[in-house]
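These notes are about the structure you will find just below.
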Amino acid sequence: MHHESFNFDFLFNDLSHSILPMDFDTFYKSPQRFTAVATNLRTGEAEYFEKSSCSDILAAIRASSSMPMLSKAVKMNGELYLDGGCAMAIPYQKAIDDGFEKIVLVLTRQQGYRKLYTKPSMLHLYAKYFRHFPKFLSALYAVPTRYDAQQREIDRLEKEGRIFVIRPQGPVNVSHTEKDTAKLKALYEEGRQEAERRMDALKRYLEA
């Protein structure tokens, strides 16, 4: 029994190593930077793990994908981690701080979408489940406010031409635990078509 909603042991072991083997040699040798973001349960802060310096980047990727209460926390270097979105939903500021001049965001919600609040029932579950991690709990409570602020900042940066954003044109009717493959395929196709629609604009942004 995995006691998780998602079988990450299958995804990160069986699938990526034997069923659909990932070319790890090419991945690690590539000079391209790769960063995974995860939230430290003790501090409630987002931490960034670089492929070039992280001792176990796959564990960091697993942590960055581990949703609160649906997945087990991932232990790295004596610390426990969960989804980076708990503390930093859209880490564009990291790219800005690192000095990148061209930043492309791929968002999963339409422009104007806001997380207005967290349901009281969910807040109660958070309080019970993460009672031993008060700073992480505070980060979860602050998700709607922080997300709203980020979206407003993204709108401003996009209007100024500082960043380029690809996002759905309308509401997304797919849940975090979606099992309807037809919905998932339709969303994938919608994303592909939107990327194609914005391709010329993206090229202009990158070449400017």
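Here's how to read the names in the structure tokens: chain A, B, ... by the order shown, residue numbers from 1 in each chain, ligand numbers from 1 in the order shown.
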I need the residues in stretch 47-114 of chain A that are strand (DSSP E or B) according to DSSP; give them as a list in words. Glu47, Tyr48, Phe49, Glu50, Val74, Lys75, Met76, Glu79, Leu80, Tyr81, Leu82, Asp83, Ile103, Val104, Leu105 and Val106 of chain A
Can those selected residues be exported to a file as a CSV table (one decimal), in the first residue's frame so that it contains N, CA and C atoms?
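Result written to out_27.csv:
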chain,number,residue,atom,x,y,z
A,47,GLU,N,12.0,26.5,-1.7
A,47,GLU,CA,13.4,26.3,-1.9
A,47,GLU,C,13.6,25.8,-3.3
A,48,TYR,N,14.7,26.2,-3.9
A,48,TYR,CA,15.0,26.0,-5.3
A,48,TYR,C,16.1,25.0,-5.5
A,49,PHE,N,15.9,23.9,-6.2
A,49,PHE,CA,16.9,22.9,-6.4
A,49,PHE,C,17.4,22.8,-7.8
A,50,GLU,N,18.7,23.1,-8.0
A,50,GLU,CA,19.3,23.2,-9.3
A,50,GLU,C,19.8,21.8,-9.7
A,74,VAL,N,8.4,14.4,1.0
A,74,VAL,CA,9.7,13.9,0.5
A,74,VAL,C,10.8,14.4,1.4
A,75,LYS,N,11.6,13.5,1.9
A,75,LYS,CA,12.7,13.8,2.8
A,75,LYS,C,14.0,14.0,2.0
A,76,MET,N,14.6,15.2,2.1
A,76,MET,CA,15.9,15.5,1.5
A,76,MET,C,16.8,16.2,2.5
A,79,GLU,N,15.3,17.3,5.8
A,79,GLU,CA,14.2,18.2,5.8
A,79,GLU,C,13.0,17.5,5.0
A,80,LEU,N,11.8,17.9,5.3
A,80,LEU,CA,10.6,17.4,4.6
A,80,LEU,C,10.1,18.4,3.7
A,81,TYR,N,9.7,18.0,2.5
A,81,TYR,CA,9.2,18.9,1.5
A,81,TYR,C,7.9,18.5,0.8
A,82,LEU,N,7.1,19.4,0.4
A,82,LEU,CA,5.9,19.2,-0.4
A,82,LEU,C,5.9,20.2,-1.6
A,83,ASP,N,4.8,20.2,-2.3
A,83,ASP,CA,4.7,21.0,-3.5
A,83,ASP,C,5.1,22.4,-3.4
A,103,ILE,N,11.5,35.9,-20.1
A,103,ILE,CA,10.8,35.0,-19.2
A,103,ILE,C,9.4,34.6,-19.8
A,104,VAL,N,9.2,33.3,-20.0
A,104,VAL,CA,8.0,32.8,-20.6
A,104,VAL,C,7.3,32.0,-19.5
A,105,LEU,N,6.0,32.4,-19.2
A,105,LEU,CA,5.2,31.7,-18.2
A,105,LEU,C,4.1,30.9,-19.0
A,106,VAL,N,4.0,29.7,-18.5
A,106,VAL,CA,2.9,28.8,-19.0
A,106,VAL,C,1.9,28.6,-17.9
Report as a ChimeraX atom specification all protein, DNA and RNA residues lying within 12 Å of A:Thr39, evaluated on only C-alpha atoms, omitting residues in the same chain fewer than 4 positions from it. /A:43-49,60-68,73-76,79-89,91,133,135-137,139-140
I'd like the neighbourhood of stretch 11-16 of chain A as a PyMOL selection string, where a residue qualifies if any of its atoms comes within 12 Å (using only C-alpha atoms), though same-chain residues fewer than 2 positions away should be ignored. chain A and resi 6-9+18-24+57-63+65
Dump as a compact mmCIF listing (two decimals), in the first residue's frame, selection limited to all heavy atoms:
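Full text of out.txt as output:
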# COMPACT_ATOMS: atom_id res chain seq x y z
N PHE A 6 -1.45 9.44 -5.59
CA PHE A 6 -0.67 9.23 -6.80
C PHE A 6 0.47 8.26 -6.49
O PHE A 6 1.17 8.41 -5.49
CB PHE A 6 -0.08 10.55 -7.30
CG PHE A 6 -1.11 11.63 -7.51
CD1 PHE A 6 -1.32 12.61 -6.55
CD2 PHE A 6 -1.88 11.65 -8.65
CE1 PHE A 6 -2.27 13.60 -6.73
CE2 PHE A 6 -2.84 12.63 -8.85
CZ PHE A 6 -3.03 13.60 -7.88
N ASN A 7 0.63 7.26 -7.35
CA ASN A 7 1.68 6.26 -7.13
C ASN A 7 3.00 6.78 -7.70
O ASN A 7 3.39 6.46 -8.81
CB ASN A 7 1.29 4.94 -7.80
CG ASN A 7 2.23 3.81 -7.41
OD1 ASN A 7 3.32 4.04 -6.90
ND2 ASN A 7 1.81 2.58 -7.66
N PHE A 8 3.67 7.62 -6.91
CA PHE A 8 4.92 8.20 -7.37
C PHE A 8 6.05 7.18 -7.46
O PHE A 8 7.00 7.37 -8.21
CB PHE A 8 5.34 9.35 -6.44
CG PHE A 8 4.61 10.64 -6.72
CD1 PHE A 8 4.62 11.67 -5.80
CD2 PHE A 8 3.93 10.83 -7.91
CE1 PHE A 8 3.96 12.87 -6.06
CE2 PHE A 8 3.27 12.01 -8.18
CZ PHE A 8 3.28 13.03 -7.26
N ASP A 9 5.96 6.09 -6.69
CA ASP A 9 6.97 5.04 -6.82
C ASP A 9 6.94 4.47 -8.24
O ASP A 9 7.99 4.21 -8.84
CB ASP A 9 6.72 3.93 -5.80
CG ASP A 9 7.07 4.35 -4.39
OD1 ASP A 9 7.87 5.29 -4.23
OD2 ASP A 9 6.56 3.74 -3.43
N SER A 18 12.05 1.78 -16.64
CA SER A 18 11.92 0.55 -17.42
C SER A 18 10.81 0.59 -18.47
O SER A 18 11.01 0.19 -19.61
CB SER A 18 11.69 -0.65 -16.48
OG SER A 18 10.54 -0.45 -15.66
N ILE A 19 9.62 1.07 -18.10
CA ILE A 19 8.50 1.05 -19.04
C ILE A 19 8.69 2.08 -20.15
O ILE A 19 8.60 1.76 -21.34
CB ILE A 19 7.16 1.28 -18.30
CG1 ILE A 19 6.94 0.16 -17.27
CG2 ILE A 19 6.00 1.33 -19.30
CD1 ILE A 19 5.71 0.38 -16.40
N LEU A 20 8.95 3.33 -19.76
CA LEU A 20 9.26 4.41 -20.72
C LEU A 20 10.56 5.06 -20.25
O LEU A 20 10.55 6.15 -19.68
CB LEU A 20 8.14 5.44 -20.78
CG LEU A 20 6.81 4.99 -21.40
CD1 LEU A 20 5.75 6.06 -21.21
CD2 LEU A 20 6.98 4.67 -22.89
N PRO A 21 11.68 4.40 -20.45
CA PRO A 21 12.96 4.87 -19.88
C PRO A 21 13.31 6.29 -20.30
O PRO A 21 13.25 6.65 -21.47
CB PRO A 21 13.98 3.87 -20.44
CG PRO A 21 13.17 2.66 -20.81
CD PRO A 21 11.85 3.20 -21.27
N MET A 22 13.63 7.10 -19.32
CA MET A 22 14.09 8.45 -19.59
C MET A 22 15.58 8.42 -19.88
O MET A 22 16.33 7.63 -19.28
CB MET A 22 13.81 9.34 -18.38
CG MET A 22 14.31 10.76 -18.54
SD MET A 22 13.88 11.80 -17.12
CE MET A 22 14.83 13.27 -17.47
N ASP A 23 16.02 9.27 -20.79
CA ASP A 23 17.44 9.35 -21.13
C ASP A 23 18.13 10.23 -20.09
O ASP A 23 18.38 11.41 -20.30
CB ASP A 23 17.61 9.94 -22.53
CG ASP A 23 19.06 9.88 -23.02
OD1 ASP A 23 19.95 9.58 -22.19
OD2 ASP A 23 19.28 10.14 -24.21
N PHE A 24 18.42 9.64 -18.94
CA PHE A 24 19.01 10.38 -17.83
C PHE A 24 20.39 10.90 -18.18
O PHE A 24 20.79 11.98 -17.72
CB PHE A 24 19.08 9.51 -16.58
CG PHE A 24 17.75 9.23 -15.95
CD1 PHE A 24 17.12 8.01 -16.11
CD2 PHE A 24 17.11 10.21 -15.19
CE1 PHE A 24 15.89 7.76 -15.54
CE2 PHE A 24 15.88 9.97 -14.62
CZ PHE A 24 15.26 8.73 -14.79
N ILE A 57 18.15 15.30 -7.82
CA ILE A 57 17.18 16.17 -8.47
C ILE A 57 15.84 15.46 -8.67
O ILE A 57 14.78 16.10 -8.66
CB ILE A 57 17.73 16.69 -9.82
CG1 ILE A 57 16.84 17.81 -10.39
CG2 ILE A 57 17.88 15.56 -10.82
CD1 ILE A 57 16.75 19.04 -9.53
N LEU A 58 15.85 14.13 -8.82
CA LEU A 58 14.59 13.41 -8.99
C LEU A 58 13.75 13.48 -7.72
O LEU A 58 12.52 13.59 -7.78
CB LEU A 58 14.85 11.95 -9.37
CG LEU A 58 15.40 11.71 -10.78
CD1 LEU A 58 15.54 10.22 -11.05
CD2 LEU A 58 14.51 12.35 -11.83
N ALA A 59 14.40 13.43 -6.57
CA ALA A 59 13.68 13.58 -5.31
C ALA A 59 13.09 14.98 -5.20
O ALA A 59 11.97 15.16 -4.72
CB ALA A 59 14.61 13.30 -4.13
N ALA A 60 13.84 15.97 -5.68
CA ALA A 60 13.35 17.35 -5.65
C ALA A 60 12.14 17.51 -6.57
O ALA A 60 11.17 18.20 -6.23
CB ALA A 60 14.46 18.31 -6.07
N ILE A 61 12.20 16.87 -7.75
CA ILE A 61 11.06 16.91 -8.67
C ILE A 61 9.85 16.23 -8.04
O ILE A 61 8.72 16.72 -8.14
CB ILE A 61 11.43 16.23 -10.01
CG1 ILE A 61 12.54 17.01 -10.71
CG2 ILE A 61 10.21 16.12 -10.91
CD1 ILE A 61 13.12 16.30 -11.92
N ARG A 62 10.09 15.12 -7.38
CA ARG A 62 9.01 14.41 -6.70
C ARG A 62 8.40 15.28 -5.61
O ARG A 62 7.18 15.37 -5.47
CB ARG A 62 9.52 13.10 -6.11
CG ARG A 62 8.48 12.28 -5.38
CD ARG A 62 8.99 10.88 -5.07
NE ARG A 62 8.00 10.08 -4.37
CZ ARG A 62 8.04 8.77 -4.24
NH1 ARG A 62 9.05 8.10 -4.78
NH2 ARG A 62 7.10 8.11 -3.59
N ALA A 63 9.24 15.94 -4.85
CA ALA A 63 8.75 16.84 -3.79
C ALA A 63 7.93 17.96 -4.39
O ALA A 63 6.87 18.33 -3.87
CB ALA A 63 9.92 17.40 -3.00
N SER A 65 6.13 17.96 -6.85
CA SER A 65 4.87 17.45 -7.40
C SER A 65 3.95 16.90 -6.31
O SER A 65 2.82 16.48 -6.62
CB SER A 65 5.15 16.32 -8.40
OG SER A 65 6.11 16.68 -9.36
Excluding A:Ile90 and any residue of its chain fewer than 6 positions from it, enumerate the residues within 10 Å of it, using only C-alpha atoms, and give them as an NGL selection string. :A and (37 or 84 or 105-107 or 146-147 or 150-151 or 154)
Neighbouring residues of A:Asp155 were defined as those with any atom within 12 Å, considering only C-alpha atoms; residues of the same chain fewer than 4 positions away were excluded. Please report them as JSON, numbers by chain. {"A": [105, 110, 111, 112, 113, 148, 149, 150, 151, 159, 160, 161, 162, 163, 164, 165, 166, 167]}
Could those residues be written to a file, using N, CA, C and O atoms, as a PDB file, in the first residue's frame?
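again-v3.pdb written:
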ATOM      1  N   LEU A 105       6.033  32.426 -19.206  1.00  0.00           N
ATOM      2  CA  LEU A 105       5.206  31.717 -18.227  1.00  0.00           C
ATOM      3  C   LEU A 105       4.141  30.917 -18.953  1.00  0.00           C
ATOM      4  O   LEU A 105       3.474  31.429 -19.850  1.00  0.00           O
ATOM      5  N   GLN A 110      -7.064  30.909 -16.834  1.00  0.00           N
ATOM      6  CA  GLN A 110      -7.296  32.040 -17.725  1.00  0.00           C
ATOM      7  C   GLN A 110      -6.973  33.358 -17.031  1.00  0.00           C
ATOM      8  O   GLN A 110      -6.924  33.439 -15.808  1.00  0.00           O
ATOM      9  N   GLN A 111      -6.770  34.400 -17.831  1.00  0.00           N
ATOM     10  CA  GLN A 111      -6.490  35.724 -17.278  1.00  0.00           C
ATOM     11  C   GLN A 111      -7.684  36.184 -16.435  1.00  0.00           C
ATOM     12  O   GLN A 111      -8.837  36.033 -16.820  1.00  0.00           O
ATOM     13  N   GLY A 112      -7.372  36.735 -15.279  1.00  0.00           N
ATOM     14  CA  GLY A 112      -8.420  37.192 -14.373  1.00  0.00           C
ATOM     15  C   GLY A 112      -8.822  36.175 -13.329  1.00  0.00           C
ATOM     16  O   GLY A 112      -9.549  36.506 -12.388  1.00  0.00           O
ATOM     17  N   TYR A 113      -8.336  34.935 -13.466  1.00  0.00           N
ATOM     18  CA  TYR A 113      -8.688  33.912 -12.480  1.00  0.00           C
ATOM     19  C   TYR A 113      -8.047  34.243 -11.136  1.00  0.00           C
ATOM     20  O   TYR A 113      -6.905  34.662 -11.057  1.00  0.00           O
ATOM     21  N   ASP A 148      -3.324  35.885  -5.557  1.00  0.00           N
ATOM     22  CA  ASP A 148      -3.949  37.086  -6.110  1.00  0.00           C
ATOM     23  C   ASP A 148      -2.904  38.152  -6.402  1.00  0.00           C
ATOM     24  O   ASP A 148      -2.908  38.780  -7.471  1.00  0.00           O
ATOM     25  N   ALA A 149      -1.979  38.344  -5.455  1.00  0.00           N
ATOM     26  CA  ALA A 149      -0.921  39.342  -5.638  1.00  0.00           C
ATOM     27  C   ALA A 149      -0.027  38.974  -6.825  1.00  0.00           C
ATOM     28  O   ALA A 149       0.384  39.850  -7.608  1.00  0.00           O
ATOM     29  N   GLN A 150       0.284  37.698  -6.951  1.00  0.00           N
ATOM     30  CA  GLN A 150       1.127  37.257  -8.064  1.00  0.00           C
ATOM     31  C   GLN A 150       0.441  37.485  -9.408  1.00  0.00           C
ATOM     32  O   GLN A 150       1.073  37.928 -10.366  1.00  0.00           O
ATOM     33  N   GLN A 151      -0.842  37.183  -9.480  1.00  0.00           N
ATOM     34  CA  GLN A 151      -1.555  37.356 -10.735  1.00  0.00           C
ATOM     35  C   GLN A 151      -1.606  38.822 -11.147  1.00  0.00           C
ATOM     36  O   GLN A 151      -1.467  39.159 -12.336  1.00  0.00           O
ATOM     37  N   LYS A 159       1.975  43.419 -19.412  1.00  0.00           N
ATOM     38  CA  LYS A 159       1.592  44.650 -20.083  1.00  0.00           C
ATOM     39  C   LYS A 159       2.823  45.493 -20.409  1.00  0.00           C
ATOM     40  O   LYS A 159       2.876  46.173 -21.447  1.00  0.00           O
ATOM     41  N   GLU A 160       3.824  45.419 -19.548  1.00  0.00           N
ATOM     42  CA  GLU A 160       5.065  46.174 -19.757  1.00  0.00           C
ATOM     43  C   GLU A 160       5.998  45.484 -20.747  1.00  0.00           C
ATOM     44  O   GLU A 160       7.032  46.048 -21.117  1.00  0.00           O
ATOM     45  N   GLY A 161       5.662  44.254 -21.171  1.00  0.00           N
ATOM     46  CA  GLY A 161       6.510  43.518 -22.092  1.00  0.00           C
ATOM     47  C   GLY A 161       7.693  42.855 -21.422  1.00  0.00           C
ATOM     48  O   GLY A 161       8.620  42.388 -22.093  1.00  0.00           O
ATOM     49  N   ARG A 162       7.662  42.792 -20.088  1.00  0.00           N
ATOM     50  CA  ARG A 162       8.785  42.189 -19.344  1.00  0.00           C
ATOM     51  C   ARG A 162       8.741  40.673 -19.410  1.00  0.00           C
ATOM     52  O   ARG A 162       9.789  40.020 -19.416  1.00  0.00           O
ATOM     53  N   ILE A 163       7.541  40.098 -19.437  1.00  0.00           N
ATOM     54  CA  ILE A 163       7.390  38.653 -19.510  1.00  0.00           C
ATOM     55  C   ILE A 163       6.396  38.318 -20.615  1.00  0.00           C
ATOM     56  O   ILE A 163       5.643  39.180 -21.079  1.00  0.00           O
ATOM     57  N   PHE A 164       6.398  37.062 -21.035  1.00  0.00           N
ATOM     58  CA  PHE A 164       5.443  36.576 -22.040  1.00  0.00           C
ATOM     59  C   PHE A 164       4.633  35.463 -21.403  1.00  0.00           C
ATOM     60  O   PHE A 164       5.195  34.552 -20.785  1.00  0.00           O
ATOM     61  N   VAL A 165       3.320  35.523 -21.560  1.00  0.00           N
ATOM     62  CA  VAL A 165       2.447  34.566 -20.873  1.00  0.00           C
ATOM     63  C   VAL A 165       1.607  33.782 -21.876  1.00  0.00           C
ATOM     64  O   VAL A 165       0.981  34.351 -22.764  1.00  0.00           O
ATOM     65  N   ILE A 166       1.611  32.463 -21.719  1.00  0.00           N
ATOM     66  CA  ILE A 166       0.720  31.569 -22.454  1.00  0.00           C
ATOM     67  C   ILE A 166      -0.251  30.992 -21.431  1.00  0.00           C
ATOM     68  O   ILE A 166       0.164  30.397 -20.442  1.00  0.00           O
ATOM     69  N   ARG A 167      -1.538  31.173 -21.670  1.00  0.00           N
ATOM     70  CA  ARG A 167      -2.552  30.722 -20.712  1.00  0.00           C
ATOM     71  C   ARG A 167      -3.816  30.317 -21.453  1.00  0.00           C
ATOM     72  O   ARG A 167      -4.030  30.696 -22.612  1.00  0.00           O
TER      73      ARG A 167
END
Hey, which of A:Tyr92, A:Arg192, A:Ala142, A:Phe130 ends up closest to A:Glu158? Count only C-alpha atoms.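 The closest residue to A:Glu158 is A:Tyr92.
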Backbone-only DSSP, helix (DSSP H, G or I) members of stretch 24-110 of chain A, as JSON, numbers by chain: {"A": [24, 25, 26, 27, 28, 29, 57, 58, 59, 60, 61, 62, 63, 64, 84, 85, 86, 92, 93, 94, 95, 96, 97]}
Print the selection's residues with N, CA, C and O atoms to a file, as an mmCIF file, in the first residue's frame.
data_model
loop_
_atom_site.group_PDB
_atom_site.id
_atom_site.type_symbol
_atom_site.label_atom_id
_atom_site.label_comp_id
_atom_site.auth_asym_id
_atom_site.auth_seq_id
_atom_site.Cartn_x
_atom_site.Cartn_y
_atom_site.Cartn_z
ATOM 1 N N PHE A 24 18.415 9.637 -18.936
ATOM 2 C CA PHE A 24 19.009 10.385 -17.832
ATOM 3 C C PHE A 24 20.394 10.904 -18.176
ATOM 4 O O PHE A 24 20.794 11.978 -17.716
ATOM 5 N N ASP A 25 21.136 10.163 -18.984
ATOM 6 C CA ASP A 25 22.490 10.582 -19.331
ATOM 7 C C ASP A 25 22.455 11.918 -20.068
ATOM 8 O O ASP A 25 23.201 12.848 -19.735
ATOM 9 N N THR A 26 21.556 12.032 -21.043
ATOM 10 C CA THR A 26 21.417 13.287 -21.784
ATOM 11 C C THR A 26 20.913 14.400 -20.881
ATOM 12 O O THR A 26 21.371 15.547 -20.964
ATOM 13 N N PHE A 27 19.975 14.065 -20.006
ATOM 14 C CA PHE A 27 19.411 15.053 -19.083
ATOM 15 C C PHE A 27 20.485 15.667 -18.199
ATOM 16 O O PHE A 27 20.582 16.893 -18.065
ATOM 17 N N TYR A 28 21.308 14.827 -17.611
ATOM 18 C CA TYR A 28 22.325 15.336 -16.688
ATOM 19 C C TYR A 28 23.492 16.017 -17.409
ATOM 20 O O TYR A 28 24.105 16.934 -16.862
ATOM 21 N N LYS A 29 23.786 15.599 -18.627
ATOM 22 C CA LYS A 29 24.905 16.191 -19.361
ATOM 23 C C LYS A 29 24.521 17.503 -20.047
ATOM 24 O O LYS A 29 25.396 18.285 -20.413
ATOM 25 N N ILE A 57 18.153 15.295 -7.816
ATOM 26 C CA ILE A 57 17.176 16.167 -8.470
ATOM 27 C C ILE A 57 15.845 15.457 -8.671
ATOM 28 O O ILE A 57 14.785 16.097 -8.659
ATOM 29 N N LEU A 58 15.852 14.129 -8.823
ATOM 30 C CA LEU A 58 14.589 13.407 -8.992
ATOM 31 C C LEU A 58 13.748 13.476 -7.717
ATOM 32 O O LEU A 58 12.519 13.587 -7.781
ATOM 33 N N ALA A 59 14.404 13.430 -6.574
ATOM 34 C CA ALA A 59 13.680 13.577 -5.309
ATOM 35 C C ALA A 59 13.093 14.979 -5.205
ATOM 36 O O ALA A 59 11.973 15.155 -4.716
ATOM 37 N N ALA A 60 13.840 15.973 -5.678
ATOM 38 C CA ALA A 60 13.349 17.354 -5.655
ATOM 39 C C ALA A 60 12.142 17.507 -6.572
ATOM 40 O O ALA A 60 11.172 18.195 -6.233
ATOM 41 N N ILE A 61 12.200 16.869 -7.752
ATOM 42 C CA ILE A 61 11.065 16.911 -8.672
ATOM 43 C C ILE A 61 9.851 16.233 -8.040
ATOM 44 O O ILE A 61 8.720 16.717 -8.143
ATOM 45 N N ARG A 62 10.094 15.117 -7.382
ATOM 46 C CA ARG A 62 9.008 14.409 -6.699
ATOM 47 C C ARG A 62 8.397 15.280 -5.610
ATOM 48 O O ARG A 62 7.179 15.365 -5.474
ATOM 49 N N ALA A 63 9.241 15.938 -4.848
ATOM 50 C CA ALA A 63 8.750 16.836 -3.793
ATOM 51 C C ALA A 63 7.929 17.963 -4.393
ATOM 52 O O ALA A 63 6.866 18.329 -3.873
ATOM 53 N N SER A 64 8.407 18.530 -5.504
ATOM 54 C CA SER A 64 7.716 19.660 -6.122
ATOM 55 C C SER A 64 6.350 19.261 -6.669
ATOM 56 O O SER A 64 5.502 20.121 -6.916
ATOM 57 N N GLY A 84 5.975 22.878 -4.302
ATOM 58 C CA GLY A 84 6.485 24.243 -4.237
ATOM 59 C C GLY A 84 5.390 25.287 -4.304
ATOM 60 O O GLY A 84 5.545 26.401 -3.802
ATOM 61 N N GLY A 85 4.250 24.920 -4.911
ATOM 62 C CA GLY A 85 3.142 25.852 -5.027
ATOM 63 C C GLY A 85 2.532 26.243 -3.700
ATOM 64 O O GLY A 85 1.805 27.244 -3.615
ATOM 65 N N CYS A 86 2.811 25.484 -2.652
ATOM 66 C CA CYS A 86 2.288 25.831 -1.322
ATOM 67 C C CYS A 86 2.833 27.178 -0.857
ATOM 68 O O CYS A 86 2.155 27.923 -0.150
ATOM 69 N N TYR A 92 8.057 33.101 -10.942
ATOM 70 C CA TYR A 92 8.665 33.968 -11.951
ATOM 71 C C TYR A 92 9.712 34.907 -11.346
ATOM 72 O O TYR A 92 10.669 35.288 -12.006
ATOM 73 N N GLN A 93 9.516 35.262 -10.063
ATOM 74 C CA GLN A 93 10.450 36.193 -9.437
ATOM 75 C C GLN A 93 11.855 35.605 -9.340
ATOM 76 O O GLN A 93 12.851 36.334 -9.406
ATOM 77 N N LYS A 94 11.944 34.286 -9.216
ATOM 78 C CA LYS A 94 13.243 33.617 -9.174
ATOM 79 C C LYS A 94 14.002 33.856 -10.470
ATOM 80 O O LYS A 94 15.204 34.138 -10.461
ATOM 81 N N ALA A 95 13.291 33.766 -11.604
ATOM 82 C CA ALA A 95 13.928 34.010 -12.903
ATOM 83 C C ALA A 95 14.384 35.455 -13.022
ATOM 84 O O ALA A 95 15.467 35.741 -13.550
ATOM 85 N N ILE A 96 13.550 36.375 -12.523
ATOM 86 C CA ILE A 96 13.919 37.796 -12.549
ATOM 87 C C ILE A 96 15.155 38.035 -11.688
ATOM 88 O O ILE A 96 16.109 38.713 -12.098
ATOM 89 N N ASP A 97 15.150 37.468 -10.484
ATOM 90 C CA ASP A 97 16.280 37.634 -9.560
ATOM 91 C C ASP A 97 17.566 37.029 -10.118
ATOM 92 O O ASP A 97 18.667 37.518 -9.824
#
Give me, please, the distance in Å between atom CA of A:Glu194 and atom CA of A:Val174, quoted to one decimal.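 These atoms are spaced 16.8 Å apart.
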Atom CA of A:Gln32 to atom CA of A:Leu157, straight-line distance in Å: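 Answer for the atom CA of A:Leu157 to atom CA of A:Gln32 separation: 24.9 Å.
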